[in-house]
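Trainee: Contents are CSV, C-alpha atoms; file name model-v5.csv:
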```
chain,number,residue,atom,x,y,z
Z,998,MET,CA,114.0,89.8,27.3
Z,999,LYS,CA,112.7,90.9,30.7
Z,1000,THR,CA,115.5,91.4,33.3
Z,1001,ARG,CA,114.7,91.8,36.9
Z,1002,ILE,CA,117.0,94.0,38.9
Z,1003,ALA,CA,117.0,94.1,42.7
Z,1004,LEU,CA,117.6,97.4,44.3
Z,1005,TYR,CA,119.8,98.0,47.3
Z,1006,GLY,CA,120.9,100.9,49.6
Z,1007,ALA,CA,119.8,104.3,48.4
Z,1008,LEU,CA,118.4,102.8,45.2
Z,1009,ARG,CA,115.7,101.0,47.2
Z,1010,GLU,CA,114.0,104.3,47.3
Z,1011,ALA,CA,113.4,104.1,43.5
Z,1012,ASP,CA,110.6,101.5,44.0
Z,1013,PRO,CA,109.0,100.2,47.2
Z,1014,SER,CA,108.9,96.6,45.8
Z,1015,GLY,CA,112.7,96.5,46.0
Z,1016,HIS,CA,113.2,95.7,42.3
Z,1017,VAL,CA,112.5,96.9,38.8
Z,1018,GLU,CA,112.0,94.9,35.6
Z,1019,LEU,CA,113.4,96.2,32.3
Z,1020,ASP,CA,113.0,95.0,28.8
Z,1021,VAL,CA,116.6,94.4,27.6
Z,1022,PRO,CA,117.5,93.6,24.0
Z,1023,PRO,CA,119.4,90.3,23.6
Z,1024,ASP,CA,123.2,90.5,23.8
Z,1025,SER,CA,123.1,93.9,25.5
Z,1026,THR,CA,126.1,94.9,27.6
Z,1027,ILE,CA,126.0,96.0,31.2
Z,1028,ALA,CA,126.9,99.5,30.0
Z,1029,GLU,CA,123.7,99.4,27.8
Z,1030,LEU,CA,121.7,98.1,30.8
Z,1031,ARG,CA,123.0,101.0,32.8
Z,1032,GLU,CA,121.6,103.4,30.2
Z,1033,LEU,CA,118.3,101.6,30.2
Z,1034,LEU,CA,118.1,101.8,34.0
Z,1035,THR,CA,119.0,105.5,34.0
Z,1036,ALA,CA,116.2,106.2,31.5
Z,1037,TYR,CA,113.7,104.1,33.5
Z,1038,LEU,CA,114.5,105.8,36.8
Z,1039,HIS,CA,114.4,109.3,35.1
Z,1040,GLU,CA,110.8,108.5,34.2
Z,1041,HIS,CA,109.6,106.5,37.2
Z,1042,ALA,CA,111.8,107.8,40.1
Z,1043,PRO,CA,113.0,111.3,39.2
Z,1044,THR,CA,114.4,111.9,42.7
Z,1045,ILE,CA,117.2,109.3,42.1
Z,1046,SER,CA,120.2,111.2,40.8
Z,1047,VAL,CA,121.8,110.1,37.5
Z,1048,GLY,CA,125.2,110.3,39.3
Z,1049,LEU,CA,124.1,107.6,41.7
Z,1050,VAL,CA,123.4,105.2,38.9
Z,1051,ARG,CA,126.7,106.1,37.2
Z,1052,ARG,CA,128.5,105.2,40.4
Z,1053,SER,CA,126.6,101.9,40.9
Z,1054,ALA,CA,127.8,98.5,39.9
Z,1055,PHE,CA,125.7,95.6,38.5
Z,1056,ALA,CA,126.0,92.1,39.9
Z,1057,SER,CA,124.6,88.6,40.0
Z,1058,ALA,CA,124.6,86.6,43.2
Z,1059,GLU,CA,128.0,85.3,42.2
Z,1060,GLU,CA,130.0,88.3,40.9
Z,1061,ILE,CA,130.2,91.9,40.0
Z,1062,LEU,CA,129.5,92.4,36.2
Z,1063,HIS,CA,131.5,95.2,34.8
Z,1064,ASN,CA,130.5,97.4,31.9
Z,1065,HIS,CA,131.8,95.3,29.0
Z,1066,ARG,CA,130.0,92.1,30.2
Z,1067,THR,CA,126.9,90.8,28.4
Z,1068,VAL,CA,123.7,90.9,30.4
Z,1069,PRO,CA,123.1,87.2,31.4
Z,1070,GLU,CA,119.8,85.7,30.3
Z,1071,GLY,CA,117.3,84.6,32.8
Z,1072,VAL,CA,119.3,85.7,35.8
Z,1073,GLU,CA,118.1,88.2,38.4
Z,1074,LEU,CA,120.6,91.0,38.8
Z,1075,ALA,CA,121.2,93.5,41.5
Z,1076,VAL,CA,122.3,97.1,41.2
Z,1077,LEU,CA,124.7,98.1,43.9
Z,1078,PRO,CA,125.2,101.7,44.9
Z,1079,PRO,CA,128.6,102.8,46.4
Z,1080,VAL,CA,129.1,100.5,49.4
Z,1081,SER,CA,129.5,101.6,53.1
Z,1082,GLY,CA,129.9,98.5,55.3
Z,1083,GLY,CA,131.6,98.3,58.6
W,3,MET,CA,136.5,75.6,53.8
W,4,ASP,CA,136.5,75.2,57.6
W,5,ASP,CA,139.3,77.7,58.1
W,6,LEU,CA,137.0,80.5,56.9
W,7,HIS,CA,133.9,81.3,58.8
W,8,VAL,CA,131.6,84.0,57.3
W,9,ALA,CA,128.2,85.1,58.4
W,10,VAL,CA,125.5,87.8,58.0
W,11,VAL,CA,123.5,88.2,61.2
W,12,GLU,CA,120.1,89.7,61.4
W,13,ARG,CA,120.1,92.1,64.3
W,14,CYS,CA,116.5,91.1,65.2
W,15,VAL,CA,117.7,87.5,65.6
W,16,ALA,CA,121.1,87.9,67.3
W,17,THR,CA,124.0,90.2,68.1
W,18,LEU,CA,127.5,89.5,66.8
W,19,ASP,CA,129.4,87.2,69.2
W,20,VAL,CA,133.0,88.1,70.0
W,21,ALA,CA,133.7,85.0,72.0
W,22,ALA,CA,132.4,82.8,69.2
W,23,ALA,CA,134.6,84.7,66.7
W,24,LEU,CA,137.7,84.2,68.8
W,25,ASP,CA,136.9,80.5,69.4
W,26,SER,CA,136.4,79.9,65.7
W,27,VAL,CA,140.0,81.0,64.9
W,28,ALA,CA,141.7,79.3,67.8
W,29,ASP,CA,144.0,76.5,66.8
W,30,PRO,CA,147.0,74.7,68.5
W,31,ARG,CA,149.2,75.9,65.6
W,32,PHE,CA,148.4,79.5,66.2
W,33,GLY,CA,150.0,81.8,68.8
W,34,GLY,CA,148.5,85.0,67.5
W,35,ILE,CA,144.9,86.1,67.3
W,36,ALA,CA,144.0,89.6,66.1
W,37,SER,CA,140.5,91.0,66.0
W,38,PHE,CA,138.6,94.1,64.8
W,39,ILE,CA,135.2,95.1,66.3
W,40,GLY,CA,133.2,97.8,64.6
W,41,ARG,CA,130.4,99.4,66.7
W,42,VAL,CA,127.8,102.0,65.9
W,43,ARG,CA,129.0,105.4,67.2
W,44,GLU,CA,126.9,108.3,68.3
W,45,HIS,CA,128.0,110.9,65.9
W,46,ASN,CA,129.2,111.2,62.3
W,47,LEU,CA,130.3,114.3,60.4
W,48,GLY,CA,129.1,116.6,63.2
W,49,ARG,CA,125.6,115.1,63.4
W,50,VAL,CA,124.2,113.1,66.4
W,51,VAL,CA,123.4,109.5,65.3
W,52,THR,CA,120.7,107.5,67.0
W,53,GLY,CA,121.0,104.3,65.0
W,54,ILE,CA,122.1,102.7,61.7
W,55,SER,CA,120.2,100.4,59.3
W,56,TYR,CA,122.4,98.0,57.3
W,57,ASP,CA,121.2,96.6,54.0
W,58,LEU,CA,123.2,93.7,52.4
W,59,PHE,CA,123.1,91.8,49.2
W,60,GLU,CA,123.6,88.6,51.2
W,61,PRO,CA,124.7,85.9,48.7
W,62,LEU,CA,127.3,88.1,47.1
W,63,ALA,CA,128.4,89.5,50.5
W,64,LEU,CA,129.1,86.0,51.8
W,65,ARG,CA,131.0,85.0,48.6
W,66,MET,CA,133.1,88.2,48.9
W,67,PHE,CA,133.9,87.5,52.6
W,68,ARG,CA,135.2,84.1,51.6
W,69,ALA,CA,137.2,85.6,48.7
W,70,ILE,CA,138.6,88.2,51.1
W,71,GLY,CA,139.7,85.4,53.4
W,72,GLU,CA,141.5,83.6,50.6
W,73,ARG,CA,143.2,86.9,49.6
W,74,ALA,CA,144.3,87.4,53.2
W,75,ARG,CA,145.7,83.9,53.3
W,76,ALA,CA,147.7,84.4,50.1
W,77,GLU,CA,148.9,87.9,51.1
W,78,VAL,CA,150.3,86.9,54.5
W,79,GLY,CA,151.7,83.6,53.3
W,80,ALA,CA,150.9,81.7,56.5
W,81,PRO,CA,148.3,79.3,57.6
W,82,LEU,CA,145.3,81.1,59.1
W,83,LYS,CA,141.8,80.9,60.3
W,84,LEU,CA,139.6,83.9,59.6
W,85,TYR,CA,136.1,84.9,60.8
W,86,ILE,CA,134.1,87.7,59.2
W,87,ALA,CA,130.5,88.6,60.3
W,88,HIS,CA,128.4,91.6,59.6
W,89,ALA,CA,125.1,92.7,61.1
W,90,LYS,CA,122.0,93.4,59.1
W,91,GLY,CA,118.9,95.4,60.0
W,92,ASP,CA,118.4,98.1,62.5
W,93,LEU,CA,121.2,98.7,65.0
W,94,ALA,CA,121.3,101.1,68.0
W,95,VAL,CA,124.4,103.1,69.2
W,96,GLY,CA,126.9,100.7,70.7
W,97,ASP,CA,125.6,97.6,68.8
W,98,LEU,CA,128.3,95.6,67.0
W,99,ALA,CA,128.2,96.2,63.3
W,100,VAL,CA,131.2,94.1,62.1
W,101,LEU,CA,133.5,91.5,63.5
W,102,VAL,CA,136.8,90.2,62.1
W,103,ALA,CA,139.0,87.7,63.8
W,104,VAL,CA,142.2,86.1,62.5
W,105,GLY,CA,144.3,83.3,64.0
W,106,THR,CA,147.9,82.8,62.7
W,107,PRO,CA,151.2,81.3,64.0
W,108,HIS,CA,152.5,84.8,64.9
W,109,ARG,CA,151.2,88.3,65.6
W,110,ASP,CA,152.5,90.0,62.5
W,111,GLU,CA,150.5,87.8,60.1
W,112,ALA,CA,147.4,88.1,62.3
W,113,PHE,CA,147.5,91.9,62.4
W,114,ARG,CA,148.1,92.1,58.6
W,115,ALA,CA,145.4,89.7,57.7
W,116,CYS,CA,142.9,91.4,60.1
W,117,ARG,CA,143.7,94.8,58.6
W,118,LEU,CA,143.4,93.6,55.0
W,119,ALA,CA,140.1,91.9,55.8
W,120,ILE,CA,138.3,94.8,57.5
W,121,GLU,CA,139.5,97.3,54.8
W,122,ALA,CA,138.2,95.0,52.1
W,123,VAL,CA,134.9,94.4,53.9
W,124,LYS,CA,134.4,98.2,54.2
W,125,HIS,CA,135.4,99.1,50.6
W,126,GLU,CA,134.3,96.1,48.5
W,127,ALA,CA,131.5,94.1,50.1
W,128,PRO,CA,127.9,94.9,49.0
W,129,ILE,CA,126.8,96.5,52.3
W,130,TRP,CA,125.0,99.8,52.7
W,131,LYS,CA,124.6,102.0,55.8
W,132,GLN,CA,121.7,104.3,56.4
W,133,GLU,CA,122.3,106.7,59.4
W,134,HIS,CA,119.4,107.9,61.5
W,135,TYR,CA,119.9,111.3,63.2
W,136,ILE,CA,118.5,112.8,66.4
W,137,ASP,CA,116.4,115.4,64.4
W,138,GLY,CA,114.5,112.5,62.7
W,139,ASP,CA,116.4,112.8,59.4
W,140,SER,CA,118.1,109.7,57.7
W,141,ALA,CA,120.7,109.5,55.1
W,142,TRP,CA,122.5,106.7,53.1
W,143,SER,CA,126.3,107.0,53.4
W,144,GLU,CA,128.1,108.1,50.3
W,145,GLY,CA,130.4,105.0,50.1
W,146,CYS,CA,132.8,103.5,47.7
W,147,SER,CA,131.9,102.8,44.1
W,148,LEU,CA,132.2,99.1,43.0
W,149,CYS,CA,132.0,100.1,39.3
W,150,GLU,CA,135.5,99.8,38.0
W,151,GLU,CA,135.3,102.6,35.4
W,152,GLN,CA,133.9,104.9,38.0
W,153,ARG,CA,136.5,103.9,40.6
W,154,ASP,CA,139.3,104.5,38.2
W,155,ALA,CA,138.0,107.9,37.4
W,156,GLU,CA,137.6,108.7,41.1
W,157,HIS,CA,141.2,107.6,41.8
W,158,ALA,CA,142.5,109.7,39.0
W,159,HIS,CA,140.6,112.7,40.3
W,160,ALA,CA,141.8,112.0,43.9
W,161,LYS,CA,145.4,111.9,42.7
W,162,HIS,CA,144.9,115.1,40.8
W,163,ASP,CA,143.6,117.2,43.6
W,164,GLU,CA,144.6,115.1,46.6
W,165,THR,CA,141.2,115.4,48.2
W,166,GLY,CA,140.6,111.7,48.4
W,167,HIS,CA,137.3,110.2,47.3
W,168,GLY,CA,135.4,112.2,49.9
W,169,HIS,CA,133.6,109.8,52.2
W,170,GLY,CA,135.5,110.3,55.4
W,171,HIS,CA,137.0,106.9,56.3
```
Written as C-alpha coordinates, how would this file's structure read?

Mentor:
Amino acid sequence: MKTRIALYGALREADPSGHVELDVPPDSTIAELRELLTAYLHEHAPTISVGLVRRSAFASAEEILHNHRTVPEGVELAVLPPVSGG
Amino acid sequence: MDDLHVAVVERCVATLDVAAALDSVADPRFGGIASFIGRVREHNLGRVVTGISYDLFEPLALRMFRAIGERARAEVGAPLKLYIAHAKGDLAVGDLAVLVAVGTPHRDEAFRACRLAIEAVKHEAPIWKQEHYIDGDSAWSEGCSLCEEQRDAEHAHAKHDETGHGHGH
(Lines of atoms letter the chains of each structure in order from A and count residues from 1; the text may use other names and numbers.)
(Lines give C-alpha, C1' and ligand atoms only; values in the text may rest on other atoms or scores of the structure.)
Protein backbone atom coordinates (compact mmCIF):
# COMPACT_ATOMS: atom_id res chain seq x y z
CA MET A 1 0.00 0.00 0.00
CA LYS A 2 1.09 3.58 -0.58
CA THR A 3 1.73 5.51 2.60
CA ARG A 4 2.22 9.25 2.55
CA ILE A 5 4.52 10.67 5.20
CA ALA A 6 4.68 14.39 6.01
CA LEU A 7 8.11 15.77 6.82
CA TYR A 8 8.82 18.23 9.64
CA GLY A 9 11.78 20.17 11.03
CA ALA A 10 15.16 19.18 9.65
CA LEU A 11 13.55 16.34 7.68
CA ARG A 12 11.68 18.89 5.51
CA GLU A 13 14.99 19.29 3.72
CA ALA A 14 14.62 15.75 2.36
CA ASP A 15 11.95 16.85 -0.14
CA PRO A 16 10.74 20.36 -1.04
CA SER A 17 7.15 19.07 -1.36
CA GLY A 18 7.13 18.44 2.41
CA HIS A 19 6.25 14.76 2.11
CA VAL A 20 7.36 11.41 0.72
CA GLU A 21 5.27 8.47 -0.43
CA LEU A 22 6.47 4.94 0.28
CA ASP A 23 5.22 1.56 -0.88
CA VAL A 24 4.65 -0.30 2.40
CA PRO A 25 3.75 -4.03 2.56
CA PRO A 26 0.48 -4.70 4.46
CA ASP A 27 0.84 -5.30 8.23
CA SER A 28 4.27 -3.69 8.37
CA THR A 29 5.33 -2.32 11.73
CA ILE A 30 6.54 1.21 12.37
CA ALA A 31 10.04 -0.27 12.86
CA GLU A 32 9.83 -1.68 9.33
CA LEU A 33 8.53 1.64 8.02
CA ARG A 34 11.55 3.32 9.60
CA GLU A 35 13.86 0.98 7.64
CA LEU A 36 11.97 1.74 4.41
CA LEU A 37 12.22 5.48 5.01
CA THR A 38 15.92 5.19 5.84
CA ALA A 39 16.56 3.35 2.55
CA TYR A 40 14.43 5.85 0.58
CA LEU A 41 16.25 8.85 2.03
CA HIS A 42 19.64 7.21 1.49
CA GLU A 43 18.79 7.08 -2.21
CA HIS A 44 16.82 10.33 -2.67
CA ALA A 45 18.21 12.65 0.01
CA PRO A 46 21.70 11.44 0.93
CA THR A 47 22.47 14.60 2.96
CA ILE A 48 19.94 13.48 5.62
CA SER A 49 21.79 11.51 8.30
CA VAL A 50 20.71 7.99 9.18
CA GLY A 51 21.02 8.99 12.84
CA LEU A 52 18.34 11.64 12.41
CA VAL A 53 15.83 9.08 11.10
CA ARG A 54 16.76 6.73 13.96
CA ARG A 55 16.01 9.49 16.50
CA SER A 56 12.73 10.45 14.82
CA ALA A 57 9.26 9.27 15.82
CA PHE A 58 6.29 8.45 13.60
CA ALA A 59 2.83 9.79 14.30
CA SER A 60 -0.70 10.19 13.03
CA ALA A 61 -2.60 13.41 13.71
CA GLU A 62 -3.88 11.70 16.88
CA GLU A 63 -0.86 10.03 18.48
CA ILE A 64 2.76 8.95 18.42
CA LEU A 65 3.13 5.48 16.88
CA HIS A 66 5.93 3.53 18.52
CA ASN A 67 8.07 0.88 16.79
CA HIS A 68 5.88 -2.14 17.62
CA ARG A 69 2.70 -0.58 16.18
CA THR A 70 1.29 -1.61 12.80
CA VAL A 71 1.32 1.02 10.05
CA PRO A 72 -2.33 2.13 9.79
CA GLU A 73 -3.93 1.77 6.38
CA GLY A 74 -5.05 4.83 4.44
CA VAL A 75 -3.79 7.30 7.03
CA GLU A 76 -1.29 10.04 6.33
CA LEU A 77 1.57 9.81 8.80
CA ALA A 78 4.21 12.27 9.90
CA VAL A 79 7.84 11.72 10.76
CA LEU A 80 8.92 13.84 13.71
CA PRO A 81 12.60 14.61 14.27
CA PRO A 82 13.72 15.37 17.86
CA VAL A 83 11.59 18.27 19.09
CA SER A 84 12.73 21.73 20.21
CA GLY A 85 9.73 23.87 21.08
CA GLY A 86 9.64 26.82 23.46
CA MET B 1 -13.11 21.45 27.91
CA ASP B 2 -13.41 25.19 28.68
CA ASP B 3 -10.80 25.05 31.43
CA LEU B 4 -8.07 24.32 28.90
CA HIS B 5 -7.30 26.86 26.22
CA VAL B 6 -4.72 25.82 23.62
CA ALA B 7 -3.60 27.55 20.44
CA VAL B 8 -1.03 27.69 17.67
CA VAL B 9 -0.63 31.24 16.40
CA GLU B 10 0.86 32.09 13.00
CA ARG B 11 3.33 34.91 13.56
CA CYS B 12 2.30 36.54 10.31
CA VAL B 13 -1.28 36.74 11.62
CA ALA B 14 -0.81 37.73 15.27
CA THR B 15 1.56 37.81 18.23
CA LEU B 16 0.92 35.84 21.42
CA ASP B 17 -1.25 37.85 23.79
CA VAL B 18 -0.21 37.80 27.47
CA ALA B 19 -3.29 39.69 28.67
CA ALA B 20 -5.60 37.25 26.89
CA ALA B 21 -3.73 34.31 28.46
CA LEU B 22 -4.10 35.74 31.98
CA ASP B 23 -7.77 36.56 31.37
CA SER B 24 -8.50 33.04 30.18
CA VAL B 25 -7.28 31.47 33.43
CA ALA B 26 -8.94 33.99 35.76
CA ASP B 27 -11.72 32.60 37.94
CA PRO B 28 -13.38 33.68 41.22
CA ARG B 29 -12.23 30.38 42.77
CA PHE B 30 -8.58 31.08 41.98
CA GLY B 31 -6.23 33.21 44.04
CA GLY B 32 -3.05 32.20 42.24
CA ILE B 33 -2.00 32.71 38.64
CA ALA B 34 1.44 31.67 37.36
CA SER B 35 2.72 32.26 33.86
CA PHE B 36 5.73 31.50 31.72
CA ILE B 37 6.69 33.57 28.69
CA GLY B 38 9.33 32.29 26.28
CA ARG B 39 10.93 34.90 23.99
CA VAL B 40 13.42 34.64 21.16
CA ARG B 41 16.85 35.58 22.53
CA GLU B 42 19.73 37.09 20.61
CA HIS B 43 22.32 34.38 21.16
CA ASN B 44 22.60 30.62 21.53
CA LEU B 45 25.67 28.47 22.16
CA GLY B 46 27.97 31.42 21.47
CA ARG B 47 26.36 32.43 18.16
CA VAL B 48 24.44 35.63 17.46
CA VAL B 49 20.84 34.78 16.55
CA THR B 50 18.81 37.11 14.31
CA GLY B 51 15.56 35.11 14.31
CA ILE B 52 13.88 31.73 14.70
CA SER B 53 11.51 29.84 12.42
CA TYR B 54 9.10 27.48 14.20
CA ASP B 55 7.61 24.47 12.43
CA LEU B 56 4.74 22.58 14.11
CA PHE B 57 2.68 19.47 13.37
CA GLU B 58 -0.38 21.40 14.37
CA PRO B 59 -3.17 18.81 14.96
CA LEU B 60 -0.94 16.66 17.14
CA ALA B 61 0.56 19.68 18.93
CA LEU B 62 -2.91 20.89 19.93
CA ARG B 63 -3.88 17.41 21.15
CA MET B 64 -0.68 17.21 23.18
CA PHE B 65 -1.22 20.65 24.72
CA ARG B 66 -4.64 19.43 25.93
CA ALA B 67 -3.15 16.18 27.22
CA ILE B 68 -0.47 18.18 29.06
CA GLY B 69 -3.22 20.26 30.64
CA GLU B 70 -5.03 17.13 31.83
CA ARG B 71 -1.77 15.75 33.21
CA ALA B 72 -1.07 19.01 35.06
CA ARG B 73 -4.58 18.91 36.56
CA ALA B 74 -4.07 15.32 37.77
CA GLU B 75 -0.58 16.07 39.06
CA VAL B 76 -1.44 19.11 41.20
CA GLY B 77 -4.73 17.62 42.40
CA ALA B 78 -6.56 20.94 42.38
CA PRO B 79 -9.03 22.66 40.08
CA LEU B 80 -7.21 24.69 37.47
CA LYS B 81 -7.50 26.61 34.25
CA LEU B 82 -4.60 26.37 31.87
CA TYR B 83 -3.59 28.23 28.73
CA ILE B 84 -0.88 27.08 26.30
CA ALA B 85 -0.09 28.87 23.06
CA HIS B 86 2.91 28.52 20.76
CA ALA B 87 3.95 30.70 17.84
CA LYS B 88 4.50 29.32 14.33
CA GLY B 89 6.49 30.80 11.47
CA ASP B 90 9.27 33.37 11.35
CA LEU B 91 10.00 35.19 14.62
CA ALA B 92 12.41 38.05 15.34
CA VAL B 93 14.52 38.51 18.47
CA GLY B 94 12.20 39.54 21.30
CA ASP B 95 9.09 37.99 19.79
CA LEU B 96 7.02 35.74 22.06
CA ALA B 97 7.53 32.08 21.20
CA VAL B 98 5.48 30.34 23.88
CA LEU B 99 3.02 31.33 26.53
CA VAL B 100 1.76 29.22 29.46
CA ALA B 101 -0.63 30.52 32.13
CA VAL B 102 -2.27 28.62 34.97
CA GLY B 103 -4.91 29.67 37.45
CA THR B 104 -5.44 27.63 40.65
CA PRO B 105 -6.75 28.25 44.19
CA HIS B 106 -3.23 28.76 45.62
CA ARG B 107 0.24 29.72 44.33
CA ASP B 108 1.93 26.37 44.92
CA GLU B 109 -0.40 24.52 42.54
CA ALA B 110 -0.11 27.32 39.98
CA PHE B 111 3.71 27.27 39.97
CA ARG B 112 3.85 23.46 39.81
CA ALA B 113 1.33 23.18 36.99
CA CYS B 114 3.01 25.96 35.02
CA ARG B 115 6.43 24.32 35.35
CA LEU B 116 5.08 20.91 34.39
CA ALA B 117 3.33 22.36 31.35
CA ILE B 118 6.25 24.36 29.93
CA GLU B 119 8.69 21.45 30.43
CA ALA B 120 6.28 19.08 28.66
CA VAL B 121 5.74 21.52 25.79
CA LYS B 122 9.49 21.85 25.30
CA HIS B 123 10.29 18.14 25.54
CA GLU B 124 7.22 16.40 24.09
CA ALA B 125 5.23 18.60 21.69
CA PRO B 126 5.87 18.25 17.93
CA ILE B 127 7.57 21.63 17.46
CA TRP B 128 10.87 22.38 15.73
CA LYS B 129 13.12 25.42 15.99
CA GLN B 130 15.37 26.62 13.19
CA GLU B 131 17.79 29.33 14.30
CA HIS B 132 19.06 31.95 11.89
CA TYR B 133 22.47 33.47 12.61
CA ILE B 134 24.04 36.84 11.86
CA ASP B 135 26.48 35.24 9.40
CA GLY B 136 23.55 34.06 7.20
CA ASP B 137 23.79 30.43 8.34
CA SER B 138 20.74 28.54 9.74
CA ALA B 139 20.45 25.37 11.81
CA TRP B 140 17.69 23.17 13.24
CA SER B 141 18.08 22.66 17.00
CA GLU B 142 19.17 19.21 18.06
CA GLY B 143 16.14 18.60 20.30
CA CYS B 144 14.58 15.72 22.26
CA SER B 145 13.73 12.42 20.59
CA LEU B 146 10.08 11.32 20.80
CA CYS B 147 11.01 7.79 19.74
CA GLU B 148 10.71 5.81 22.99
CA GLU B 149 13.40 3.23 22.18
CA GLN B 150 15.81 6.01 21.27
CA ARG B 151 14.89 8.06 24.32
CA ASP B 152 15.46 5.08 26.61
CA ALA B 153 18.85 4.52 25.02
CA GLU B 154 19.78 8.19 25.44
CA HIS B 155 18.69 8.21 29.09
CA ALA B 156 20.76 5.09 29.76
CA HIS B 157 23.73 6.74 28.08
CA ALA B 158 23.22 10.00 29.98
CA LYS B 159 23.11 8.10 33.29
CA HIS B 160 26.24 6.24 32.34
CA ASP B 161 28.46 9.20 31.56
CA GLU B 162 26.43 12.00 33.19
CA THR B 163 26.71 14.25 30.17
CA GLY B 164 22.95 14.67 29.82
CA HIS B 165 21.41 14.33 26.40
CA GLY B 166 23.36 17.20 25.04
CA HIS B 167 21.03 19.86 23.73
CA GLY B 168 21.61 22.57 26.25
CA HIS B 169 18.31 23.21 28.01

Trainee: Any idea which chain Z residues end up within 8 Å of chain W if we count all atoms listed in the file, as a count of residues only please?

Mentor: 21

Trainee: To one decimal place in Å, what is the distance between atom CA of Gly79 of chain W and atom CA of Asp19 of chain W?

Mentor: 27.6 Å

Trainee: Rounded to one decimal in Å, what is the spacing between atom CA of Ile136 of chain W and atom CA of Leu18 of chain W?

Mentor: 25.0 Å

Trainee: If you measure from atom CA of Pro1043 of chain Z to atom CA of Pro1013 of chain Z, what distance in Å do you get, rounded to one decimal?

Mentor: 14.3 Å

Trainee: Do you know which residues are at most 12 Å from Leu1030 of chain Z counting all atoms listed in the file, after dropping those on the same chain fewer than 3 positions away, and could you put them as a PyMOL selection string?

Mentor: chain Z and resi 998-1002+1018-1027+1033-1037+1050-1051+1053-1056+1062-1069+1074-1076

Trainee: So which residues touch Pro30 of chain W within 12 Å, counting only C-alpha atoms, skipping near sequence neighbours fewer than 4 positions away, as a PDB file with C-alpha atoms, keeping the file's coordinate frame?

Mentor:
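Everything below was put into around_22.pdb:
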```pdb
ATOM      1  CA  ASP W  25     136.900  80.500  69.400  1.00  0.00           C
ATOM      2  CA  GLY W  34     148.500  85.000  67.500  1.00  0.00           C
ATOM      3  CA  ILE W  35     144.900  86.100  67.300  1.00  0.00           C
ATOM      4  CA  PRO W  81     148.300  79.300  57.600  1.00  0.00           C
ATOM      5  CA  LEU W  82     145.300  81.100  59.100  1.00  0.00           C
ATOM      6  CA  LYS W  83     141.800  80.900  60.300  1.00  0.00           C
ATOM      7  CA  GLY W 105     144.300  83.300  64.000  1.00  0.00           C
ATOM      8  CA  THR W 106     147.900  82.800  62.700  1.00  0.00           C
ATOM      9  CA  PRO W 107     151.200  81.300  64.000  1.00  0.00           C
TER      10      PRO W 107
END
```

Trainee: Using all atoms listed in the file, find the one residue out of W:Ile54, W:Ala36, W:Leu84, W:Leu47 that sits nearest to Asp110 of chain W.

Mentor: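 With all atoms listed in the file as the atom set, the closest residue is W:Ala36.
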
Trainee: So, with all atoms listed in the file as the atoms that count, which of Z:Glu1029, Z:Leu1049, Z:His1041, Z:Val1072 lies closest to Val1017 of chain Z?

Mentor: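 The answer is Z:His1041, which sits nearest to Val1017 of chain Z.
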
Trainee: Skipping near chain neighbours, those fewer than 4 positions away, what residues fall within 9 Å of Arg73 of chain W using only C-alpha atoms, listed as an mmCIF file with C-alpha atoms, keeping the file's coordinate frame?

Mentor:
```cif
data_model
loop_
_atom_site.group_PDB
_atom_site.id
_atom_site.type_symbol
_atom_site.label_atom_id
_atom_site.label_comp_id
_atom_site.auth_asym_id
_atom_site.auth_seq_id
_atom_site.Cartn_x
_atom_site.Cartn_y
_atom_site.Cartn_z
ATOM 1 C CA ARG W 68 135.200 84.100 51.600
ATOM 2 C CA ALA W 69 137.200 85.600 48.700
ATOM 3 C CA GLU W 77 148.900 87.900 51.100
ATOM 4 C CA VAL W 78 150.300 86.900 54.500
ATOM 5 C CA ALA W 115 145.400 89.700 57.700
ATOM 6 C CA LEU W 118 143.400 93.600 55.000
ATOM 7 C CA ALA W 119 140.100 91.900 55.800
#
```

Trainee: Which residue, Z:His1016, Z:Ala1011, Z:Gly1071, Z:Ile1061, has the smallest gap to Leu1038 of chain Z when you use all atoms listed in the file?

Mentor: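 Of Z:His1016, Z:Ala1011, Z:Gly1071, Z:Ile1061, the one nearest Leu1038 of chain Z is Z:Ala1011, counting all atoms listed in the file.
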